[in-house]
Amino acid sequence: MKSKKNNSNFLMGMLALSISFPLIVVCSAWFFPGTELWTHFAENLLPELITSTLMLLIGVGIGVSILGTILAYLVVMVEFPGRKWLEWALFMPFAIPAYVLAFVYLGVFDYSGYAQVWLREYTGMPGFDIRAGSWAIILTFTLVFYPYVYMMARASFKRQKIQMIEAGKMLGKKPFEVFWRISVPLARPAIAAGLLVTLMETLADFGVVSLFNYSTFTTAIYSAWNDFRSIEVAAQLASMLVLIAFFLIYFEKKARGKAKYYSSDVSHIRPYRATGFIGWLIFVFVFGVFMLSFAMPMLQLVIWSFDKYAEEISQRYSDYFSATGILTVSATILTVVVATLLALPSRRKDESKVLQLLIRFSTLGYALPGSVMAVGLLYGVQNISLVSIYLGGTSINHILFGSVILLLFAYISRFMAIAYNSTSASSEQIKPVFEQSARLLGSSRIRLIREVYLPMMAPGILAGGLLVAIDVMKELPATYLLRPFGWDTLAIRVFELSSEGLYDRAAIPALMMVFFGAIIMLLFIRLDSDKY
Amino acid sequence: MKKVTILGTLMIAIFASSFSSAVAAASNDSLTVYSTRKEHLIEPLFDAFTKKTGIKVSYLTGKGGALIERIKLEGKRTKADIFMTVDAGNLWYAATQNLFQPVESEIIETNIPAHLRDPEGLWTGLSVRARTIIYSTERVNPDELSTYQDLANKKWEGRLCLRTSKKVYTKSLVSSLIYHDGLEKTTDIVRGWIDNLAATPHAEDVHIMTSILAGQCDVGIVNSYYFGRLQAEDPNVALKLFWANQDSTGTHVNVSGAGVTKHSKNPESAIKLLEFLTSIEAQKIYVELNKEYPASQKIKADNLIALWGDFNQDKMNLSVAGKNQADSVSLMQREGYR
């Protein structure tokens, strides 16, 4: 019996390790020195990059925390005009790839965009360069990523005991005090979890920062690789991102503390009612966020695509659709299956610090730029081949290179964090008493999993799956490098056109992506509203 | 159980389809091209080739650095017969990584002038673009303009827009300045440019043009075809190209080009494709599709770009752009050119 337990721990550990494979390859670059380049970078690039990366992380962190939390609080706790549909509408920016939003914003708000042209004409104010400094890019990231915090905080607010809020009200606390003193502290773990995902995405981003020509850590990674042709230094720099992500996770754990809420009671009562002027003020604010982060960019894409529709649409689109569809579905299923296995509750796992560490490590891929992870994967396979040839076997390169296997593997490694966050959150809500009583009744572990755990974890598994699906659909760099022939996705088409400056044509595949993303979001919302 | 079956079927379908495409690519009368040139710019060329010869061409697009790594790692088993990319620096780098085999072809040698080809026949340029000065016809008198170097002059303070130093075209231009003027003088030029900037360097040439039109800046440096595309849509656009350095080194030109890979399974057909791409028929497609200059000496430029007039090209051998690239990037990073 005892050995069986260790076996399952061992298997889980191996699973987590193999998911971390590209990460391990990237980190192993430290065995190769690249000193000269490091001196140049340390003198000329890194001081500025570290400051600008920190500025970005802090700015985006504050931005998404405030915006996501306030929005979540408003839709959960306050009844205001339009609340019903806005509660769902606020999820929609998930469906827009960050780089698409960035090129729309630049087109509309930069010096030559019509927002500024209009301002200059009617107010006479001088034009300005929105890419100078960091405020505009922080704002852009905030508007793309706030849904992560919004989603988590909203779920947490819904589970807060209505009695506590009422008690606060009865003690004569003003709404803001109730919000700040009671609701926010209770939701802190959820806010931190959303924040973590946001910051990891921001760290790994390459598309938005290059459109704004903003320098972050990824700038140095690409410079090492493309300018100085040193893939080793690039990997060394990338592994520092992994380190930062590790610290972020550590802080998130701290923020979460020992708090464990086994509550799944959801209340539908809204303690506050905002009518009249205040109500409309709230509506204008929430609606404004929705407009800016979703409706306006959509409108712009539609306007751009009108002229170019005939030129752009072709037979090839059926290939883009099927590639996008097949990759999204299969990668999502695989990622979710692994994330569920790793998150299955068991007391033994709590006892094994090593296993927990391995699982945590396997989720760090989210902070790596997709192309770095992809190259890490290629080099890893190459090394295995070399070892295999050395041992008298054959190379496995030709089987793996340019097949979907490698690409699917990259997706799993990259998006494990998203799936695992959801599945582990839902598994944490399963009280240990279930396992104990099932054991007492002599039920096997398989049966326990199938009949107790899986049904209880189902909402988390599905939610994780849908989020992963959206991310896979939007993924660009790893897909671009690892895909086999004929597996061009919609995201690749958007990139190929927009990187040539053909934004109006790029708007067409971008709209289709948003359309698919919206369908996935609607499924998510359906599921979510069943739950609550 | 049912879920498992569905999953299994899906997986089998995926593997089957990925293998079937692999098989198709390996058959005899077909070629595979790895390209950093985007799909919409290469597909018409390959279609024309297939129509003419019956040889099928499949292609995989990607980013330069990544595709080069992929070919290197695929080694002898690579499916790539041809590697096609933009910028001489990239072609030079691919050559140093042993990606290409030398090609001897009379057709290519008569079609393409020597300074646009690798001396050892490892790659050949296929289309030419000038990277030159663009200015607002409303606010700039062309008499004020002369050279790239002159844009570092105080008189352009707050009037200049440039593309990011992260783009390879900027790197190659600065490489050519290092070649002509030396490191020290180039440092001064780049410093002067930065002081004159009206806005953070732009991510795309297209944005430079719209910024000049909106009045954010008066002059910039762009690749000729971006202006060609804009002019094709709006013939009266208030912008014009100025041929830089006509009295000294000539205007900086760059190429898109290709070479036959070292481990091509089908080098004869690959050479055929390369030769076709230098032919009048293909060169016309290049010009029409993207408003680039033909690399071939045998045909004239498109009507539109012919109107821009003749100009003296910088005759620096283009592999220098690659050799100087690391110096050029270090310099720009030292000076804080973003």
# chains A, B, ... in the order shown; residues from 1 in each chain; ligands from 1
call {"tool": "interface_residues", "arguments": {"of": "chain A", "to": "chain B", "cutoff": "8 Å", "atoms": "only C-alpha atoms", "output": "PyMOL selection string"}}
result
chain A and resi 40+44-45+111-112+117+127+129+131-132+210-215+223+225-228+326+330+371+375+378-379+382+397-398+401+403-405+480-481+484-486+496-497+499-501
call {"tool": "write_last_selection", "arguments": {"atoms": "N, CA and C atoms", "output": "compact mmCIF listing (two decimals), in the first residue's frame"}}
result
# COMPACT_ATOMS: atom_id res chain seq x y z
N HIS A 40 28.59 44.06 -22.61
CA HIS A 40 27.93 45.10 -23.41
C HIS A 40 26.51 45.35 -22.91
N ASN A 44 25.14 48.85 -21.37
CA ASN A 44 24.35 49.71 -22.23
C ASN A 44 22.85 49.46 -22.24
N LEU A 45 22.46 48.24 -21.87
CA LEU A 45 21.07 47.90 -22.10
C LEU A 45 20.32 47.60 -20.80
N TYR A 111 -0.33 60.22 -32.57
CA TYR A 111 -0.34 61.56 -33.14
C TYR A 111 -1.18 61.66 -34.42
N SER A 112 -1.03 60.66 -35.30
CA SER A 112 -1.74 60.75 -36.57
C SER A 112 -3.11 60.10 -36.53
N VAL A 117 -6.19 63.96 -34.10
CA VAL A 117 -6.45 64.93 -35.16
C VAL A 117 -7.68 65.77 -34.78
N GLY A 127 -0.40 68.32 -30.45
CA GLY A 127 -0.36 66.86 -30.50
C GLY A 127 0.74 66.31 -29.62
N ASP A 129 3.13 62.52 -28.53
CA ASP A 129 3.57 61.18 -28.87
C ASP A 129 3.16 60.23 -27.76
N ARG A 131 3.61 57.20 -27.47
CA ARG A 131 4.55 56.12 -27.18
C ARG A 131 5.70 56.59 -26.29
N ALA A 132 5.79 57.91 -26.06
CA ALA A 132 6.81 58.42 -25.15
C ALA A 132 6.42 58.09 -23.72
N SER A 210 6.74 45.64 -28.93
CA SER A 210 7.41 46.06 -30.16
C SER A 210 6.58 47.08 -30.93
N LEU A 211 5.26 46.97 -30.89
CA LEU A 211 4.46 47.99 -31.56
C LEU A 211 4.65 49.37 -30.94
N PHE A 212 4.78 49.41 -29.61
CA PHE A 212 5.01 50.69 -28.92
C PHE A 212 6.48 51.07 -28.92
N ASN A 213 7.33 50.16 -29.42
CA ASN A 213 8.78 50.33 -29.34
C ASN A 213 9.20 50.64 -27.91
N TYR A 214 8.65 49.87 -26.98
CA TYR A 214 8.99 50.00 -25.57
C TYR A 214 9.98 48.89 -25.26
N SER A 215 11.03 49.22 -24.49
CA SER A 215 12.03 48.19 -24.24
C SER A 215 11.77 47.47 -22.93
N SER A 223 17.46 40.76 -28.85
CA SER A 223 18.68 41.38 -29.35
C SER A 223 19.84 40.38 -29.27
N TRP A 225 19.67 37.25 -29.43
CA TRP A 225 19.45 36.19 -30.39
C TRP A 225 19.62 36.69 -31.83
N ASN A 226 18.91 37.76 -32.17
CA ASN A 226 18.87 38.18 -33.57
C ASN A 226 20.01 39.10 -33.99
N ASP A 227 20.50 39.94 -33.07
CA ASP A 227 21.58 40.86 -33.45
C ASP A 227 22.94 40.24 -33.23
N PHE A 228 23.08 39.57 -32.09
CA PHE A 228 24.41 39.06 -31.75
C PHE A 228 24.49 37.55 -31.94
N ILE A 326 -8.44 22.76 -34.87
CA ILE A 326 -7.87 21.49 -34.41
C ILE A 326 -6.82 21.73 -33.33
N SER A 330 -7.36 20.32 -29.52
CA SER A 330 -6.52 19.24 -28.99
C SER A 330 -5.58 19.75 -27.91
N SER A 371 8.47 32.23 -28.30
CA SER A 371 9.48 31.76 -29.23
C SER A 371 10.70 31.22 -28.50
N VAL A 375 12.17 27.51 -29.11
CA VAL A 375 13.55 27.18 -29.46
C VAL A 375 14.15 26.27 -28.41
N LEU A 378 13.13 22.87 -29.34
CA LEU A 378 13.90 22.34 -30.47
C LEU A 378 15.28 21.88 -30.01
N TYR A 379 15.94 22.72 -29.21
CA TYR A 379 17.27 22.35 -28.75
C TYR A 379 17.23 21.13 -27.85
N GLN A 382 16.94 18.17 -30.02
CA GLN A 382 18.24 17.97 -30.67
C GLN A 382 19.21 17.25 -29.73
N ASN A 397 14.88 13.74 -34.45
CA ASN A 397 14.53 15.06 -35.00
C ASN A 397 13.47 14.98 -36.08
N HIS A 398 13.69 14.05 -37.04
CA HIS A 398 12.81 14.05 -38.20
C HIS A 398 11.40 13.64 -37.84
N PHE A 401 10.43 17.25 -35.45
CA PHE A 401 10.47 18.58 -36.06
C PHE A 401 9.38 18.70 -37.11
N SER A 403 6.26 18.47 -36.73
CA SER A 403 5.02 17.72 -36.54
C SER A 403 4.23 18.44 -35.45
N VAL A 404 2.94 18.15 -35.41
CA VAL A 404 2.13 18.85 -34.41
C VAL A 404 2.47 18.45 -32.99
N ILE A 405 3.12 17.29 -32.83
CA ILE A 405 3.40 16.80 -31.48
C ILE A 405 4.16 17.86 -30.68
N TYR A 480 4.23 29.97 -34.74
CA TYR A 480 4.92 30.44 -35.94
C TYR A 480 6.17 29.62 -36.20
N LEU A 481 6.86 29.26 -35.13
CA LEU A 481 8.12 28.55 -35.29
C LEU A 481 7.94 27.05 -35.43
N PRO A 484 3.79 22.60 -38.46
CA PRO A 484 4.12 21.88 -39.69
C PRO A 484 3.54 22.62 -40.90
N PHE A 485 3.83 22.12 -42.07
CA PHE A 485 3.30 22.74 -43.28
C PHE A 485 1.79 22.77 -43.27
N GLY A 486 1.26 23.84 -43.79
CA GLY A 486 -0.18 23.90 -43.95
C GLY A 486 -0.93 24.09 -42.64
N GLU A 496 1.25 38.26 -40.08
CA GLU A 496 1.93 38.46 -41.36
C GLU A 496 1.47 39.74 -42.03
N LEU A 497 0.19 40.02 -41.94
CA LEU A 497 -0.31 41.23 -42.58
C LEU A 497 0.06 42.47 -41.79
N SER A 499 2.47 42.98 -39.70
CA SER A 499 3.89 43.31 -39.64
C SER A 499 4.35 43.93 -40.95
N GLU A 500 3.55 43.85 -41.99
CA GLU A 500 3.86 44.56 -43.23
C GLU A 500 3.17 45.92 -43.25
N GLY A 501 2.54 46.26 -42.15
CA GLY A 501 1.84 47.53 -42.09
C GLY A 501 0.46 47.51 -42.73
call {"tool": "select_by_dssp", "arguments": {"residues": "stretch 134-294 of chain B", "states": "helix (DSSP H, G or I)", "output": "number ranges by chain"}}
result
B: 142-144, 149-152, 154-156, 168-196, 205-214, 224-233, 267-278, 280-290
call {"tool": "atom_distance", "arguments": {"atom1": "atom CA of A:Ile70", "atom2": "atom CA of A:Ile249"}}
result
23.4 Å
call {"tool": "residues_around", "arguments": {"residues": "B:Val103", "least_positions_apart": "4", "cutoff": "12 Å", "atoms": "only C-alpha atoms", "output": "PDB file with C-alpha atoms, in the first residue's frame"}}
result
ATOM      1  CA  ILE B  82      15.262  26.949 -50.618  1.00  0.00           C
ATOM      2  CA  ILE B 107      20.867  32.381 -66.215  1.00  0.00           C
ATOM      3  CA  ILE B 108      21.141  33.884 -62.745  1.00  0.00           C
ATOM      4  CA  GLU B 109      24.513  35.435 -63.472  1.00  0.00           C
ATOM      5  CA  ARG B 117      24.704  38.329 -55.432  1.00  0.00           C
ATOM      6  CA  ASP B 118      26.936  36.402 -53.081  1.00  0.00           C
ATOM      7  CA  PRO B 119      30.428  36.176 -54.640  1.00  0.00           C
ATOM      8  CA  GLU B 120      30.434  32.403 -54.156  1.00  0.00           C
ATOM      9  CA  GLY B 121      26.945  31.879 -55.493  1.00  0.00           C
ATOM     10  CA  LEU B 122      25.473  30.934 -52.124  1.00  0.00           C
ATOM     11  CA  TRP B 123      22.556  33.320 -52.497  1.00  0.00           C
ATOM     12  CA  THR B 124      21.163  35.787 -54.964  1.00  0.00           C
ATOM     13  CA  ALA B 258      17.187  33.315 -51.628  1.00  0.00           C
ATOM     14  CA  GLY B 259      19.595  30.422 -51.838  1.00  0.00           C
ATOM     15  CA  VAL B 260      19.448  26.656 -52.307  1.00  0.00           C
ATOM     16  CA  THR B 261      19.893  24.838 -49.006  1.00  0.00           C
ATOM     17  CA  LYS B 262      22.879  22.608 -48.443  1.00  0.00           C
ATOM     18  CA  PRO B 267      18.691  20.784 -55.943  1.00  0.00           C
ATOM     19  CA  GLU B 268      17.990  20.710 -59.695  1.00  0.00           C
ATOM     20  CA  ALA B 270      15.469  24.238 -56.622  1.00  0.00           C
ATOM     21  CA  ILE B 271      17.892  25.907 -59.020  1.00  0.00           C
ATOM     22  CA  LYS B 272      15.126  25.954 -61.614  1.00  0.00           C
ATOM     23  CA  LEU B 274      15.708  30.277 -58.362  1.00  0.00           C
ATOM     24  CA  GLU B 275      16.305  30.887 -62.065  1.00  0.00           C
TER      25      GLU B 275
END
call {"tool": "closest_residue", "arguments": {"among": "B:Val219, B:Leu177, B:Leu99, B:Ile305", "to": "B:Leu151", "atoms": "only C-alpha atoms"}}
result
B:Val219
